[in-house]
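Enquirer: First, the structure itself, so that you have it in front of you.
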Amino acid sequence: GTAVNQTCAACAIGKYKATSGNDGTCVDGATGQCTTTDGVSCIGAIATGATGSIPCPAGEYSTATASGACFLAESGTCSSKNEISCAGSDVIGSNFKISCPAGKYSTAAANGACTEALAGYCSSIDGTNCAQGTNTGAKSQLICPQGKYAKSTSNTDCTAAVAGKCSSNDGGITCITGTNTGATSVKICPKGRYSTASVNTDCTQCVEGKYSGTLGASLASTCLSAGPGKCSSNDGF
């Protein structure tokens with residue numbers, strides 16, 4: 001009989017065939033995977049002729065079937081297998097990406113996880129301001145400015161040490177003082193001291209000859225003259 005020449009066609013984009021032969025059985029790569037020719041790396045978004053399919057690397061994802069490429073979970077996001085939580089820093093085969101939850105952040109591309117903002121810091125979307133509220137998708141963390149504090153991890157904002165208080169870094173035992181930042185707690189001004197500003201790093205001592213028996217005083221007028229025959233002391237009386 002007459003020989004018939006058969007030409008093997010390359011599998012289309014996102015499809016692969018693991019065996020030789022012209023039987024037309026190219027199959028779709030699954031979600032969370034990409035097609036490949038070497039079993040190690042993705043073949044590419046528009047490449048054809050794949051011979052297999054591999055899971056997306058950690059920090060990458062593929063949402064559709066028949067994909068020749070996986071996509072990076074960029075800063076402010078993480079790869080996910082359930083569209084609810086991050087997959088994890090070393091987990092492969094993700095088929096979604098999600099925004100970092102409130103109080104967490106990711107700084108670079110290819111993130112499988114988001115990092116908690118530390119105590120004394122807040123998560124930030126723009127690198128300048130705290131994310132605030134329930135806002136997600138933070139790309140960095142910022143140190144709390146002077147006079148503000150964040151007690152726990154995963155903060156979206158820093159809280160002001162208001163009048164009558166000062167920011168603290170030792171659990172509220174002493175004021176942080178000066179221009180120091182990154183406070184993790186707040187202290188109530190002790191007797192004999194006061195603070196008047198909306199954000200405070202220290203409490204001001206009553207001037208010589210005056211006293212205050214008030215905790216958390218927010219006005220200088222709280223300090224009273226000791227009066228004739230009396231003296232002021234360091235404990236407020």
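Residues in the structure tokens are named by chain (A, B, ... in the order shown) and by number from 1 within that chain; ligands are numbered from 1 in the order shown.
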I want to know what sits within 9 Å of A:Asn169, based on only C-alpha atoms, with residues of the same chain fewer than 3 positions away left out; could you give that as a VMD selection string?
Expert: chain A and resid 120 149 172 to 176 182 to 186
Enquirer: Could you please take those selected residues and save N, CA, C and O atoms as a compact mmCIF listing (two decimals), in the first residue's frame?
Expert:
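Result file result.txt:
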```
# COMPACT_ATOMS: atom_id res chain seq x y z
N GLY A 120 4.44 47.70 68.56
CA GLY A 120 5.19 48.93 68.32
C GLY A 120 5.20 49.35 66.87
O GLY A 120 5.82 50.36 66.52
N TYR A 149 1.48 54.22 70.36
CA TYR A 149 1.91 52.88 70.74
C TYR A 149 1.02 51.83 70.11
O TYR A 149 -0.11 52.10 69.69
N GLY A 172 4.41 49.96 80.64
CA GLY A 172 3.75 51.02 81.39
C GLY A 172 4.42 51.35 82.72
O GLY A 172 3.82 52.00 83.57
N ILE A 173 5.68 50.94 82.89
CA ILE A 173 6.40 51.25 84.12
C ILE A 173 6.99 52.66 84.04
O ILE A 173 6.88 53.45 84.98
N THR A 174 7.62 52.98 82.92
CA THR A 174 8.19 54.31 82.72
C THR A 174 7.76 54.87 81.37
O THR A 174 7.39 54.12 80.46
N CYS A 175 7.82 56.20 81.24
CA CYS A 175 7.56 56.84 79.95
C CYS A 175 8.74 56.59 79.01
O CYS A 175 9.89 56.47 79.45
N ILE A 176 8.46 56.54 77.73
CA ILE A 176 9.51 56.29 76.75
C ILE A 176 10.43 57.49 76.59
O ILE A 176 11.59 57.35 76.27
N GLY A 182 8.18 53.66 68.44
CA GLY A 182 8.01 52.22 68.56
C GLY A 182 7.52 51.76 69.92
O GLY A 182 7.80 50.65 70.34
N ALA A 183 6.75 52.60 70.61
CA ALA A 183 6.24 52.24 71.94
C ALA A 183 5.26 51.07 71.85
O ALA A 183 4.49 50.95 70.89
N THR A 184 5.30 50.21 72.86
CA THR A 184 4.46 49.01 72.87
C THR A 184 3.41 49.05 73.99
O THR A 184 2.68 48.09 74.16
N SER A 185 3.37 50.13 74.75
CA SER A 185 2.39 50.22 75.84
C SER A 185 2.17 51.69 76.19
O SER A 185 2.77 52.59 75.59
N VAL A 186 1.33 51.92 77.20
CA VAL A 186 1.02 53.28 77.63
C VAL A 186 1.07 53.32 79.16
O VAL A 186 0.80 52.32 79.82
```
Enquirer: I'd like to know which residues of stretch 45-98 of chain A are strand (DSSP E or B) (by DSSP, run on the backbone); could you write them as a list in words?
Expert: Ala50, Gly52, Ser53, Ile54, Pro55, Glu60, Tyr61, Phe71, Leu72, Thr77, Cys78, Ser79, Ser80, Ser94, Phe96, Lys97 and Ile98 of chain A
Enquirer: Suppose we keep all heavy atoms; can you now write the selection as a short mmCIF file (atom, residue, chain, number, x, y, z; two decimals), in the first residue's frame?
Expert:
```cif
data_model
loop_
_atom_site.label_atom_id
_atom_site.label_comp_id
_atom_site.auth_asym_id
_atom_site.auth_seq_id
_atom_site.Cartn_x
_atom_site.Cartn_y
_atom_site.Cartn_z
N ALA A 50 3.85 21.39 25.28
CA ALA A 50 4.20 20.91 26.62
C ALA A 50 4.07 19.40 26.71
O ALA A 50 3.22 18.77 26.06
CB ALA A 50 3.31 21.58 27.66
N GLY A 52 4.12 17.91 29.98
CA GLY A 52 3.67 17.58 31.32
C GLY A 52 3.09 18.80 32.03
O GLY A 52 2.98 19.88 31.45
N SER A 53 2.74 18.61 33.29
CA SER A 53 2.16 19.67 34.10
C SER A 53 2.77 19.58 35.51
O SER A 53 2.94 18.48 36.04
CB SER A 53 0.64 19.53 34.17
OG SER A 53 0.05 20.55 34.96
N ILE A 54 3.11 20.74 36.09
CA ILE A 54 3.72 20.76 37.43
C ILE A 54 2.99 21.78 38.30
O ILE A 54 2.39 22.74 37.80
CB ILE A 54 5.22 21.12 37.36
CG1 ILE A 54 5.42 22.47 36.66
CG2 ILE A 54 6.01 20.01 36.69
CD1 ILE A 54 6.86 22.98 36.70
N PRO A 55 3.03 21.60 39.64
CA PRO A 55 2.39 22.57 40.54
C PRO A 55 3.10 23.92 40.48
O PRO A 55 4.31 24.00 40.29
CB PRO A 55 2.55 21.93 41.92
CG PRO A 55 2.85 20.50 41.67
CD PRO A 55 3.59 20.45 40.37
N GLU A 60 3.43 31.50 44.12
CA GLU A 60 2.83 31.73 42.80
C GLU A 60 1.50 30.99 42.72
O GLU A 60 1.20 30.12 43.54
CB GLU A 60 3.78 31.29 41.69
CG GLU A 60 5.10 32.04 41.70
CD GLU A 60 5.98 31.70 40.50
OE1 GLU A 60 5.45 31.19 39.49
OE2 GLU A 60 7.20 31.95 40.58
N TYR A 61 0.70 31.33 41.71
CA TYR A 61 -0.63 30.75 41.60
C TYR A 61 -1.08 30.71 40.15
O TYR A 61 -0.54 31.41 39.29
CB TYR A 61 -1.64 31.56 42.42
CG TYR A 61 -1.90 32.94 41.83
CD1 TYR A 61 -3.02 33.18 41.05
CD2 TYR A 61 -1.01 33.99 42.05
CE1 TYR A 61 -3.25 34.42 40.48
CE2 TYR A 61 -1.23 35.24 41.50
CZ TYR A 61 -2.35 35.45 40.71
OH TYR A 61 -2.56 36.68 40.15
N PHE A 71 1.60 32.81 38.19
CA PHE A 71 1.74 34.24 38.41
C PHE A 71 2.17 34.53 39.84
O PHE A 71 1.77 33.85 40.78
CB PHE A 71 0.42 34.94 38.09
CG PHE A 71 -0.06 34.67 36.69
CD1 PHE A 71 -0.93 33.61 36.43
CD2 PHE A 71 0.39 35.43 35.62
CE1 PHE A 71 -1.34 33.33 35.14
CE2 PHE A 71 -0.02 35.15 34.32
CZ PHE A 71 -0.90 34.10 34.08
N LEU A 72 2.99 35.55 40.00
CA LEU A 72 3.53 35.91 41.31
C LEU A 72 2.45 36.54 42.19
O LEU A 72 1.68 37.38 41.72
CB LEU A 72 4.68 36.90 41.16
CG LEU A 72 5.91 36.43 40.38
CD1 LEU A 72 6.90 37.58 40.22
CD2 LEU A 72 6.57 35.27 41.08
N THR A 77 -0.03 40.75 48.95
CA THR A 77 -0.87 39.58 48.72
C THR A 77 -0.09 38.31 49.10
O THR A 77 1.10 38.36 49.39
CB THR A 77 -1.30 39.47 47.25
OG1 THR A 77 -0.17 39.12 46.44
CG2 THR A 77 -1.91 40.77 46.74
N CYS A 78 -0.78 37.19 49.04
CA CYS A 78 -0.14 35.89 49.23
C CYS A 78 -0.86 34.88 48.36
O CYS A 78 -2.02 35.07 47.99
CB CYS A 78 -0.16 35.45 50.70
SG CYS A 78 -1.84 35.19 51.35
N SER A 79 -0.19 33.81 48.02
CA SER A 79 -0.84 32.72 47.30
C SER A 79 -1.74 31.96 48.26
O SER A 79 -1.52 31.93 49.47
CB SER A 79 0.20 31.79 46.68
OG SER A 79 1.09 31.29 47.68
N SER A 80 -2.79 31.34 47.71
CA SER A 80 -3.79 30.67 48.54
C SER A 80 -4.34 29.45 47.82
O SER A 80 -4.48 29.45 46.59
CB SER A 80 -4.92 31.64 48.87
OG SER A 80 -5.98 30.99 49.55
N SER A 94 -0.76 26.50 44.44
CA SER A 94 -1.86 27.41 44.77
C SER A 94 -2.63 27.82 43.53
O SER A 94 -2.06 28.01 42.46
CB SER A 94 -1.33 28.66 45.48
OG SER A 94 -0.84 28.35 46.76
N PHE A 96 -5.10 30.41 43.85
CA PHE A 96 -5.65 31.75 44.11
C PHE A 96 -4.55 32.65 44.66
O PHE A 96 -3.49 32.19 45.08
CB PHE A 96 -6.78 31.71 45.15
CG PHE A 96 -7.95 30.84 44.79
CD1 PHE A 96 -8.09 29.59 45.36
CD2 PHE A 96 -8.90 31.28 43.88
CE1 PHE A 96 -9.17 28.79 45.04
CE2 PHE A 96 -9.97 30.47 43.55
CZ PHE A 96 -10.12 29.22 44.14
N LYS A 97 -4.84 33.95 44.68
CA LYS A 97 -4.08 34.89 45.51
C LYS A 97 -5.09 35.72 46.28
O LYS A 97 -6.21 35.96 45.81
CB LYS A 97 -3.16 35.78 44.69
CG LYS A 97 -3.86 36.92 43.96
CD LYS A 97 -2.87 37.95 43.45
CE LYS A 97 -3.62 39.08 42.74
NZ LYS A 97 -2.71 40.13 42.25
N ILE A 98 -4.72 36.14 47.48
CA ILE A 98 -5.59 36.97 48.31
C ILE A 98 -4.77 38.11 48.89
O ILE A 98 -3.54 38.05 48.97
CB ILE A 98 -6.24 36.16 49.46
CG1 ILE A 98 -5.16 35.55 50.37
CG2 ILE A 98 -7.17 35.09 48.91
CD1 ILE A 98 -5.72 34.90 51.63
#
```
Enquirer: Please determine, counting only C-alpha atoms, which residue among A:Gly213, A:Pro190, A:Gly68, A:Gly93 has the shortest atom-to-atom distance to A:Thr36.
Expert: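 Result for the nearest residue to A:Thr36: A:Gly68.
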Enquirer: Work out how far apart atom CA of A:Thr177 and atom CA of A:Asp202 are and give it in Å to one decimal.
Expert: 4.9 Å
Enquirer: Point out the residue among A:Ser67, A:Ser154, A:Thr196, A:Gln146 with the least atom-to-atom distance to A:Ala220, counting only C-alpha atoms.
Expert: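 Ranked by minimum distance to A:Ala220, first place goes to A:Thr196.
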Enquirer: Within 7 Å of stretch 128-139 of chain A, counting only C-alpha atoms, which residues show up once you throw out same-chain ones fewer than 5 positions away? Write them as a ChimeraX atom specification, please.
Expert: /A:75-77,99-102,104-107,122-123,156-157
Enquirer: Using only C-alpha atoms, which protein or nucleic acid residues come within 10 Å of A:Val207? Drop anything in the same chain fewer than 4 positions from it, and give the result as a compact mmCIF listing (two decimals) with N, CA, C and O atoms, in the first residue's frame.
Expert:
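The resulting around32.txt:
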```txt
# COMPACT_ATOMS: atom_id res chain seq x y z
N GLY A 192 1.79 63.94 90.90
CA GLY A 192 2.89 64.90 90.82
C GLY A 192 3.34 65.20 89.41
O GLY A 192 4.24 66.01 89.19
N ARG A 193 2.73 64.55 88.43
CA ARG A 193 3.07 64.78 87.03
C ARG A 193 1.80 64.90 86.19
O ARG A 193 0.73 64.47 86.59
N TYR A 211 2.27 70.55 94.09
CA TYR A 211 2.04 69.12 94.19
C TYR A 211 0.74 68.76 93.48
O TYR A 211 -0.09 69.61 93.19
N ALA A 220 -1.79 71.43 83.71
CA ALA A 220 -0.80 71.95 84.64
C ALA A 220 -1.47 72.51 85.88
O ALA A 220 -0.88 72.51 86.98
N CYS A 223 -1.58 70.90 89.41
CA CYS A 223 -0.52 71.11 90.40
C CYS A 223 -0.91 72.30 91.30
O CYS A 223 -1.17 73.40 90.80
N LEU A 224 -0.95 72.08 92.59
CA LEU A 224 -1.39 73.09 93.55
C LEU A 224 -0.23 73.51 94.44
O LEU A 224 0.71 72.74 94.67
N SER A 225 -0.29 74.74 94.92
CA SER A 225 0.74 75.24 95.83
C SER A 225 0.66 74.49 97.15
O SER A 225 -0.43 74.21 97.67
N SER A 232 6.26 70.31 99.21
CA SER A 232 5.87 69.30 98.22
C SER A 232 6.86 68.15 98.26
O SER A 232 7.98 68.29 98.74
```
Enquirer: Take atom CA of A:Asn95 and atom CA of A:Ala10 and report the distance between them in Å, one decimal.
Expert: 25.7 Å
Enquirer: Given the choices A:Cys158, A:Cys8, A:Val27, A:Ala87, which gets closest to A:Ile143 if the distance is worked out from only C-alpha atoms?
Expert: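 Nearest to A:Ile143: A:Cys158.
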Enquirer: Which is closest to A:Ala69 among A:Gly112, A:Gly147, A:Gly209, A:Gly14, if we use only C-alpha atoms?
Expert: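 The shortest atom-to-atom distance to A:Ala69 comes from A:Gly14.
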Enquirer: Would you kindly return, as a list in words, each protein, DNA or RNA residue with an atom no farther than 8 Å from any atom of A:Cys189, considering only C-alpha atoms and excluding same-chain residues fewer than 5 positions away?
Expert: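 Everything that qualifies: Gly164, Lys165, Cys166, Tyr194, Ser195, Cys203, Leu215, Gly216 and Ala217 of chain A.
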Enquirer: Just checking: using only C-alpha atoms, which residue out of A:Cys26, A:Asp90, A:Gly127, A:Gln141 ends up closest to A:Thr115?
Expert: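 Looking only at the distances to A:Thr115, the closest residue turns out to be A:Gln141.
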